[in-house]
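structure15.txt follows (compact mmCIF, C-alpha atoms):
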# COMPACT_ATOMS: atom_id res chain seq x y z
CA TYR H 95 -21.04 -12.07 1.60
CA PRO H 96 -18.93 -11.60 4.79
CA LEU H 97 -21.86 -9.75 6.39
CA CYS H 98 -23.80 -13.02 6.59
CA ALA H 99 -21.46 -14.25 9.33
CA LEU H 100 -21.59 -11.09 11.47
CA ALA H 101 -23.23 -11.12 14.87
CA VAL H 102 -24.70 -8.30 16.93
CA SER H 103 -21.76 -8.68 19.35
CA ASP H 104 -19.26 -7.51 16.72
CA GLU H 105 -17.94 -3.98 17.14
CA ARG H 106 -20.70 -2.04 15.35
CA PRO H 107 -20.16 -3.70 11.94
CA VAL H 108 -23.22 -1.90 10.53
CA SER H 109 -24.44 1.61 11.25
CA THR H 110 -27.27 3.45 9.50
CA GLN H 111 -27.98 7.10 8.80
CA SER H 112 -30.68 9.01 6.92
CA THR H 113 -30.22 12.47 5.41
CA TRP H 114 -32.11 14.64 2.95
CA GLU H 115 -29.93 13.07 0.25
CA GLY H 116 -31.08 9.51 1.00
CA TYR H 117 -30.43 6.50 3.19
CA TRP H 118 -26.93 5.31 3.98
CA VAL H 119 -25.31 2.33 5.66
CA THR H 120 -21.71 2.12 6.85
CA LEU H 121 -20.06 -1.31 6.85
CA ASP H 122 -17.09 -1.58 9.19
CA PHE H 123 -15.80 -5.01 10.14
CA LEU H 124 -12.76 -7.30 10.04
CA GLY H 125 -12.75 -9.52 6.97
CA LYS H 126 -10.30 -12.12 5.69
CA ASP H 127 -6.99 -12.27 7.61
CA SER H 128 -8.42 -9.72 10.08
CA MET H 129 -8.23 -6.95 7.50
CA ARG H 130 -10.59 -4.07 8.16
CA TYR H 131 -13.31 -3.37 5.60
CA GLN H 132 -14.91 0.07 5.79
CA ASN H 133 -17.35 1.48 3.26
CA THR H 134 -20.45 3.69 3.19
CA VAL H 135 -23.10 3.02 0.55
CA LYS H 136 -26.49 4.47 -0.38
CA LEU H 137 -29.49 2.10 -0.18
CA PRO H 138 -33.18 2.08 -1.12
CA LYS H 139 -35.35 2.98 1.87
CA ILE H 140 -36.82 -0.53 2.27
CA VAL H 141 -33.37 -2.12 2.41
CA TRP H 142 -32.15 0.57 4.81
CA ASN H 143 -35.14 -0.01 7.13
CA ASN H 144 -34.51 -3.76 7.11
CA MET H 145 -30.82 -3.39 7.92
CA LYS H 146 -31.60 -0.94 10.70
CA SER H 147 -34.09 -3.34 12.29
CA TYR H 148 -31.66 -6.25 11.98
CA HIS H 149 -28.90 -4.29 13.68
CA ASN H 150 -31.13 -3.19 16.56
CA LYS H 151 -31.79 -6.75 17.71
CA ARG H 152 -30.95 -7.88 21.22
CA GLY H 153 -28.61 -10.73 22.09
CA ALA H 154 -24.84 -10.69 21.55
CA ASP H 155 -24.65 -14.04 19.67
CA GLN H 156 -27.57 -13.29 17.37
CA PRO H 157 -26.59 -12.96 13.71
CA ILE H 158 -27.49 -9.69 12.07
CA PHE H 159 -28.98 -11.59 9.13
CA GLU H 160 -30.78 -14.41 10.93
CA LYS H 161 -32.37 -15.95 7.84
CA VAL H 162 -29.27 -16.30 5.68
CA ASP H 163 -25.68 -17.49 6.17
CA PRO H 164 -22.62 -17.87 3.88
CA SER H 165 -23.38 -21.50 2.98
CA MET H 166 -26.90 -20.53 1.91
CA VAL H 167 -25.52 -17.78 -0.34
CA ASN H 168 -23.15 -20.22 -2.05
CA GLU H 169 -25.90 -22.84 -2.47
CA TYR H 170 -28.11 -20.22 -4.12
CA LEU H 171 -25.29 -19.18 -6.48
CA LYS H 172 -24.65 -22.83 -7.49
CA GLU H 173 -28.30 -23.08 -8.54
CA LEU H 174 -27.66 -20.27 -11.03
CA MET H 175 -24.45 -21.83 -12.40
CA PRO H 176 -22.49 -24.96 -11.40
CA GLY H 177 -19.33 -24.05 -9.49
CA LEU H 178 -20.42 -20.44 -8.96
CA SER H 179 -19.56 -19.04 -5.52
CA ALA H 180 -18.88 -15.73 -3.81
CA LYS H 181 -15.15 -16.39 -4.32
CA VAL H 182 -15.68 -16.53 -8.09
CA PHE H 183 -17.07 -12.98 -8.04
CA ARG H 184 -14.04 -11.81 -6.07
CA THR H 185 -11.66 -13.49 -8.52
CA TYR H 186 -13.54 -12.06 -11.51
CA ASN H 187 -13.50 -8.54 -10.09
CA ALA H 188 -9.75 -8.79 -9.44
CA SER H 189 -9.04 -10.18 -12.93
CA ILE H 190 -11.17 -7.66 -14.83
CA THR H 191 -9.74 -4.77 -12.82
CA LEU H 192 -6.17 -5.84 -13.60
CA GLN H 193 -7.04 -6.22 -17.28
CA GLN H 194 -8.55 -2.74 -17.40
CA GLU H 195 -5.61 -1.14 -15.56
CA LEU H 196 -3.06 -2.84 -17.84
CA GLY H 197 -4.82 -1.23 -20.80
CA LYS H 198 -4.15 2.29 -19.50
CA THR H 199 -0.75 2.68 -21.17
CA LYS H 200 -1.41 6.12 -22.67
CA GLY H 201 -0.36 9.11 -20.58
CA PHE H 202 0.57 6.99 -17.59
CA GLN H 203 1.55 9.01 -14.51
CA PHE H 204 5.08 8.10 -13.47
CA ALA H 205 6.66 9.61 -10.36
CA ASP H 206 8.11 12.57 -12.27
CA ARG H 207 6.17 12.78 -15.53
CA LYS H 208 3.37 11.51 -17.73
CA ALA H 209 4.34 9.26 -20.63
CA ASP H 210 3.06 6.48 -22.88
CA LEU H 211 4.18 2.94 -22.13
CA SER H 212 5.18 0.61 -24.96
CA THR H 213 7.10 -2.61 -25.60
CA GLU H 214 10.21 -0.44 -26.07
CA SER H 215 9.93 1.18 -22.62
CA PRO H 216 12.70 0.43 -20.08
CA GLU H 217 12.15 -2.59 -17.87
CA HIS H 218 11.99 -0.52 -14.66
CA GLU H 219 9.14 1.57 -16.14
CA LYS H 220 7.22 -1.57 -17.12
CA ARG H 221 7.69 -2.96 -13.63
CA TYR H 222 6.50 0.29 -12.02
CA PHE H 223 3.46 0.32 -14.33
CA TYR H 224 2.54 -3.29 -13.45
CA ASP H 225 3.00 -2.72 -9.71
CA THR H 226 0.72 0.32 -9.92
CA CYS H 227 -1.95 -1.72 -11.75
CA ASN H 228 -1.63 -4.49 -9.18
CA LYS H 229 -2.08 -1.95 -6.40
CA GLN H 230 -5.51 -1.04 -7.75
CA VAL H 231 -6.49 -4.72 -7.59
CA ALA H 232 -5.26 -4.90 -3.99
CA ILE H 233 -7.39 -1.85 -3.10
CA LEU H 234 -10.45 -3.44 -4.70
CA CYS H 235 -9.93 -6.72 -2.80
CA ASN H 236 -9.11 -4.90 0.44
CA HIS H 237 -5.65 -6.53 0.55
CA LYS H 238 -3.25 -5.00 3.03
CA LYS H 239 0.03 -6.05 4.53
CA THR H 240 0.26 -6.41 8.28
CA VAL H 241 3.18 -4.58 9.87
CA ASN H 242 5.38 -6.13 12.54
CA MET H 243 6.32 -3.02 14.55
CA ALA H 244 9.44 -4.60 16.08
CA VAL H 245 10.79 -5.50 12.63
CA PHE H 246 9.73 -2.11 11.24
CA GLU H 247 11.48 -0.17 14.01
CA LYS H 248 14.67 -2.22 13.58
CA SER H 249 14.59 -1.66 9.82
CA GLU H 250 13.87 2.06 10.28
CA LYS H 251 16.82 2.41 12.69
CA SER H 252 19.15 0.67 10.22
CA ILE H 253 18.02 2.89 7.34
CA ASN H 254 18.40 6.05 9.44
CA GLU H 255 21.95 5.00 10.37
CA LYS H 256 22.79 4.50 6.68
CA ILE H 257 21.33 7.92 5.84
CA LYS H 258 23.36 9.56 8.62
CA LYS H 259 26.54 7.81 7.44
CA ALA H 260 25.90 8.94 3.86
CA GLU H 261 25.25 12.54 4.96
CA ASP H 262 28.47 12.56 7.01
CA GLY H 263 30.33 11.19 4.00
CA VAL H 264 28.99 13.93 1.74
CA LYS H 265 29.96 16.56 4.31
CA GLU H 266 33.47 15.11 4.54
CA LEU H 267 33.92 15.04 0.75
CA LYS H 268 32.74 18.64 0.43
CA ARG H 269 35.33 19.74 3.01
CA ARG H 270 38.12 17.83 1.25
CA LEU H 271 37.12 19.41 -2.04
CA LYS H 272 37.27 22.91 -0.53
CA ILE H 273 40.74 22.12 0.89
CA ALA H 274 41.94 20.88 -2.50
CA LYS H 275 40.70 24.08 -4.15
CA GLY H 276 42.36 26.21 -1.50
CA GLN H 277 39.04 27.63 -0.30
CA ILE H 278 39.59 26.74 3.37
CA ARG H 279 42.65 26.13 5.53
CA PRO H 280 43.22 22.45 6.38
CA LYS H 281 43.71 21.11 9.87
CA ALA H 282 46.94 19.29 10.75
CA ASP H 283 45.59 15.89 9.69
CA GLU H 284 44.02 17.28 6.50
CA LYS H 285 47.08 18.79 4.81
CA LYS H 286 47.38 15.78 2.48
CA TRP H 287 44.28 17.08 0.68
CA ALA H 288 45.79 20.50 -0.06
CA ASN H 289 46.52 21.11 -3.76
CA LYS H 290 45.23 17.62 -4.60
CA ASP H 291 43.41 16.93 -7.87
CA PRO H 292 39.69 17.26 -6.91
CA SER H 293 38.74 14.33 -9.15
CA ALA H 294 40.96 12.03 -7.09
CA ILE H 295 39.26 12.84 -3.78
CA GLN H 296 37.15 10.06 -2.31
CA ARG H 297 36.40 8.54 1.04
CA PRO H 298 38.85 5.88 2.29
CA ASN H 299 36.16 3.19 2.54
CA LEU H 300 35.27 3.76 -1.14
CA VAL H 301 38.90 3.20 -2.10
CA GLN H 302 38.92 -0.05 -0.12
CA GLU H 303 35.73 -1.23 -1.84
CA GLU H 304 37.12 -0.48 -5.31
CA ASN H 305 40.56 -1.96 -4.50
CA PRO H 306 39.93 -4.81 -2.05
CA VAL H 307 42.91 -6.25 -0.27
CA THR H 308 43.32 -9.95 -1.02
CA SER H 309 45.45 -12.26 1.03
CA ALA H 310 48.24 -14.14 -0.69
Representation of the structure as structure tokens:
Amino acid sequence: YPLCALAVSDERPVSTQSTWEGYWVTLDFLGKDSMRYQNTVKLPKIVWNNMKSYHNKRGADQPIFEKVDPSMVNEYLKELMPGLSAKVFRTYNASITLQQELGKTKGFQFADRKADLSTESPEHEKRYFYDTCNKQVAILCNHKKTVNMAVFEKSEKSINEKIKKAEDGVKELKRRLKIAKGQIRPKADEKKWANKDPSAIQRPNLVQEENPVTSA
């Protein structure tokens, strides 16, 4: 359906190739919301020859399919069934795919194991299962999220800072634990951790979070 609106001027939306295995066409163009669609399919020779001749036409504004456009496709579909359009096929494909994926509850591949999903499964497993099914629908419909690089880099920097802070905290706690067990000699400002109950050792900011200071 989107191919009907493509012109010769577009960046090589259609390319053809013949091999001993058959005749192939590669579709590569920007679809809805400027999302790239890329797919290679095998065609009968007559269709392949027609597409090749269409794509070899001169003139940048000339449509690849000069005798058909999106409105004509929808008008033809409405003749077959009232209200039928290309969008209906897309919606049907998405709905049937989701239905099929939701039925695959036996031996589902979680991140760390395979297991059956049931009504008794934990909520987080049900959510992961549904998100995975939904992902297959998104792949079918060529749905992708655009990435704002400025926002991504800012978010990445923030996450990396949190990771670094957490790693430093773990390193600090391990040192305090070794001091408490008498495994290493403490520095002058670390003597308070010597001979201390290991279970009582925690970072100062954790103590503040657990015992917040409230003003009178």
Could you check which of H:Lys265, H:Thr191, H:Asp206, H:Lys256 is closest to Leu234 in chain H, using all atoms listed in the file? H:Thr191
Residue contacts of range 220-231 of chain H (7 Å, only C-alpha atoms) excluding same-chain residues fewer than 5 positions away, as a short mmCIF file (atom, residue, chain, number, x, y, z; two decimals) with C-alpha atoms, in the coordinates of the input:
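Done, and the output landed in around-v1.cif:
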data_model
loop_
_atom_site.label_atom_id
_atom_site.label_comp_id
_atom_site.auth_asym_id
_atom_site.auth_seq_id
_atom_site.Cartn_x
_atom_site.Cartn_y
_atom_site.Cartn_z
CA ALA H 188 -9.75 -8.79 -9.44
CA THR H 191 -9.74 -4.77 -12.82
CA LEU H 192 -6.17 -5.84 -13.60
CA GLU H 195 -5.61 -1.14 -15.56
CA LEU H 196 -3.06 -2.84 -17.84
CA SER H 215 9.93 1.18 -22.62
#
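Going from CA of Lys281 in chain H to CA of Val264 in chain H covers 18.3 Å.
Across the structure, CA of Val135 in chain H and CA of Met166 in chain H are spaced 23.9 Å apart.
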Draw an axis-aligned box tight on the listed atoms of range 179-187 of chain H, then pad every side by 5 Å and write out centre and edge lengths in Å to one decimal as AutoDock Vina command-line options.
--center_x -15.6 --center_y -13.8 --center_z -7.7 --size_x 17.9 --size_y 20.5 --size_z 17.7
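CA of Asp122 in chain H sits 29.3 Å away from CA of Gly177 in chain H.
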For range 241-257 of chain H, supply N, CA and C atoms and report the output as a compact mmCIF listing (two decimals), in the frame of the given file.
# COMPACT_ATOMS: atom_id res chain seq x y z
N VAL H 241 1.85 -5.12 9.55
CA VAL H 241 3.18 -4.58 9.87
C VAL H 241 3.62 -5.08 11.24
N ASN H 242 4.78 -5.73 11.28
CA ASN H 242 5.38 -6.13 12.54
C ASN H 242 6.18 -4.93 13.04
N MET H 243 5.70 -4.26 14.10
CA MET H 243 6.32 -3.02 14.55
C MET H 243 7.75 -3.21 15.00
N ALA H 244 8.07 -4.35 15.63
CA ALA H 244 9.44 -4.60 16.08
C ALA H 244 10.39 -4.65 14.89
N VAL H 245 9.97 -5.39 13.84
CA VAL H 245 10.79 -5.50 12.63
C VAL H 245 10.89 -4.14 11.94
N PHE H 246 9.75 -3.42 11.90
CA PHE H 246 9.73 -2.11 11.24
C PHE H 246 10.68 -1.13 11.93
N GLU H 247 10.63 -1.10 13.26
CA GLU H 247 11.48 -0.17 14.01
C GLU H 247 12.96 -0.51 13.83
N LYS H 248 13.28 -1.80 13.79
CA LYS H 248 14.67 -2.22 13.58
C LYS H 248 15.14 -1.82 12.19
N SER H 249 14.27 -2.02 11.20
CA SER H 249 14.59 -1.66 9.82
C SER H 249 14.74 -0.15 9.69
N GLU H 250 13.83 0.60 10.34
CA GLU H 250 13.87 2.06 10.28
C GLU H 250 15.17 2.59 10.90
N LYS H 251 15.59 2.00 12.02
CA LYS H 251 16.82 2.41 12.69
C LYS H 251 18.02 2.17 11.78
N SER H 252 18.04 1.01 11.13
CA SER H 252 19.15 0.67 10.22
C SER H 252 19.21 1.64 9.05
N ILE H 253 18.05 1.96 8.49
CA ILE H 253 18.02 2.89 7.34
C ILE H 253 18.47 4.28 7.78
N ASN H 254 18.01 4.73 8.95
CA ASN H 254 18.40 6.05 9.44
C ASN H 254 19.91 6.13 9.68
N GLU H 255 20.50 5.03 10.16
CA GLU H 255 21.95 5.00 10.37
C GLU H 255 22.69 5.10 9.03
N LYS H 256 22.16 4.43 8.01
CA LYS H 256 22.79 4.50 6.68
C LYS H 256 22.67 5.92 6.11
N ILE H 257 21.52 6.55 6.32
CA ILE H 257 21.33 7.92 5.84
C ILE H 257 22.30 8.87 6.53
